[in-house]
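Okay, structure first, notes after.
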Amino acid sequence: MEAEAVAKDWWLYHGNGEGADRRARLEAGSPPPWRDFGGSPDPHYAPPGCAGEAWRRTVLRGEGYVPDEQEKDVVNTALYLRRPLLVTGKPGVGKSTLAHSIASDLNLGPVLHWPITSRTVLRDGLYLYDAVGRLQEAGMEQLRTPGGLPAAAAAAGAGAAAGAAAAPATAAGAPVDDAPRAPSISRYLRLGPLGTALLPQDRPRVLLVDEIDKSDIDLPGDLLTVFEDGGFLIPELARLAQEDPTVAIGTDDDPDAVVRITQGRVQCRYFPIVVLTSNGERDFPPAFLRRCVRLHLEPPGPDKLARIVRRRLGVDVASDEQYQGLVRAFLDRGEDGDLATDQLLNAIQLRLAGAWSAPADRERFLDTVMQHLTGPTA
């Protein structure tokens with residue numbers, strides 16, 4: 001059986017979940033001069049740490065990933081260069097799970113997830129703005145105010161009619177404007193997964209951009225500026241910067257976990273660990289590829305499958321002929337169409353539970369749990 005790779009001194013990511021000291025090295029490492037960003041963290045904002053349900057899901061998914069030496073080399077190259085990692089391969093080889101493995105291995109908190117469809121645009125990942133909700137709230141304000149004027153405007157007009165002498169004064173003698181104000185725009189804004197990942201922090205967040213190949217043709221190009229600048233502008237806040245230079249808005253992790261944005265600008269301090277997955281359904285422009293570190297995952301062979309089964313299910317494939325037979329069946333069926341590794345795990349889990357154990361059920365069992373994802377029988 002293939003031996004696991006010996007850890008290299010320069011590696012930060014090992015894939016074994018024991019990364020407290022390596023995370024410290026990651027945080028203390030110097031970026032390339034062209035990837036050094038100067039965002040200032042909000043001292044009142046604390047990103048989610050290594051606790052809670054979201055973190056538990058990240059660990060459960062990530063700790064079962066079994067990277068080989070080449071994968072570790074490429075992932076660590078992306079970490080040192082602070083570049084996005086573009087992971088390609090057939091469905092089911094573990095592209096998305098790799099992001100969870102990086103987060104759990106280095107204790108970087110829950111993975112931020114941005115699923116991509118043909119209708120996805122850049123702003124969906126950066127921030128969400130409920131313009132309709134704000135317009136409806138403005139309409140309700142008009143209905144609540146006699147005469148149809150917004151509450152703030154009506155109160156301001158009444159104060160002017162009463163005269164400055166009737167207005168209350170501060171200690172310095174200046175009038176106090178106690179007129180009700182319109183609801184803040186912050187109620188209608190929330191950072192998306194990419195926007196949350198780009199918040200200035202001393203350690204990176206892991207962002208999974210899932211199935212980037214399904215996107216509109218313009219999205220990879222639109223991402224280039226964000227990846228190069230390490231930040232972005234929220235125009236709705238920038239237009240109000242003179243009246244409200246700093247606005248607190250929610251994040252993708254939690255709409256109530258507000259972070260303060262100044263002058264409408266989000267600028268990272270440490271570039272996030274961005275994992276983009278692709279099933280190879282389209283090509284990407286050279287300018288986009290040049291800014292990514294690329295990793296192609298091949299379907300696992302028998303030795304790696306045995307290591308995956310041992311880590312995920314605690315089963316030594318070599319110790320039992322029935323499990324060896326399931327691995328052989330998985331590999332044989334994979335020659336006629338794509339299969340996902342979790343289909344083999346499902347088959348072994350069923351056998352552990354005593355299901356489908358009758359010899360006469362073998363072929364129906366395999367047809368049920370190992371259906372092809374591609375090919376003529378899919």
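Going by the structure tokens order, chains are called A, B, ..., each with residues numbered from 1, while ligands are numbered from 1 in the order shown.
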
Excluding same-chain residues fewer than 6 positions from Ser319 (chain A), what lies within 12 Å of it counting only C-alpha atoms, as a ChimeraX atom specification? /A:306,310,325

Writer output for current selection, all heavy atoms, as a short mmCIF file (atom, residue, chain, number, x, y, z; two decimals), in the first residue's frame:
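New file result-v5.cif:
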```cif
data_model
loop_
_atom_site.label_atom_id
_atom_site.label_comp_id
_atom_site.auth_asym_id
_atom_site.auth_seq_id
_atom_site.Cartn_x
_atom_site.Cartn_y
_atom_site.Cartn_z
N ALA A 306 -8.35 3.20 -0.04
CA ALA A 306 -8.24 2.49 1.23
C ALA A 306 -7.93 3.45 2.36
O ALA A 306 -8.46 3.31 3.48
CB ALA A 306 -7.14 1.42 1.13
N ARG A 310 -10.37 4.23 5.57
CA ARG A 310 -9.85 4.09 6.94
C ARG A 310 -10.07 5.37 7.75
O ARG A 310 -10.47 5.32 8.92
CB ARG A 310 -8.37 3.74 6.89
CG ARG A 310 -7.78 3.45 8.28
CD ARG A 310 -6.39 2.85 8.19
NE ARG A 310 -5.42 3.77 7.62
CZ ARG A 310 -4.84 3.62 6.44
NH1 ARG A 310 -5.16 2.58 5.68
NH2 ARG A 310 -3.97 4.50 5.99
N GLY A 325 -13.58 -6.33 -2.18
CA GLY A 325 -14.45 -6.55 -3.33
C GLY A 325 -15.23 -5.30 -3.70
O GLY A 325 -15.44 -5.02 -4.89
#
```

Hey, what's within 12 Å of Ala20 (chain A) if we count only C-alpha atoms and toss same-chain stuff fewer than 2 positions away? As a list in words, please? Leu12, Tyr13, His14, Asn16, Gly17, Glu18, Arg22, Arg23, Ala24, Arg25, Leu26, Glu27, Cys50, Ala103, Ser104, Asp105, Leu106, Asn107 and Leu108 of chain A

Using only C-alpha atoms, the residue out of A:Asp42, A:Glu69, A:Asp338, A:Asp210 with shortest distance to Leu373 (chain A) is A:Asp338

Could you check the closest approach to Ser184 (chain A) for each of A:Ala360, A:Ile234, A:Leu240, A:Ile212 and tell me which residue wins, using only C-alpha atoms? A:Leu240

Best match for closeness to Pro286 (chain A) among A:Val6, A:Val258, A:Leu224, A:Leu350, counting only C-alpha atoms: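 Once distances to Pro286 (chain A) are computed over only C-alpha atoms, the minimum belongs to A:Leu224.
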
Give me, please, the distance in Å between CA of Val259 (chain A) and CA of Leu85 (chain A), quoted to one decimal.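 Straight-line distance from CA of Val259 (chain A) to CA of Leu85 (chain A) works out to 27.0 Å.
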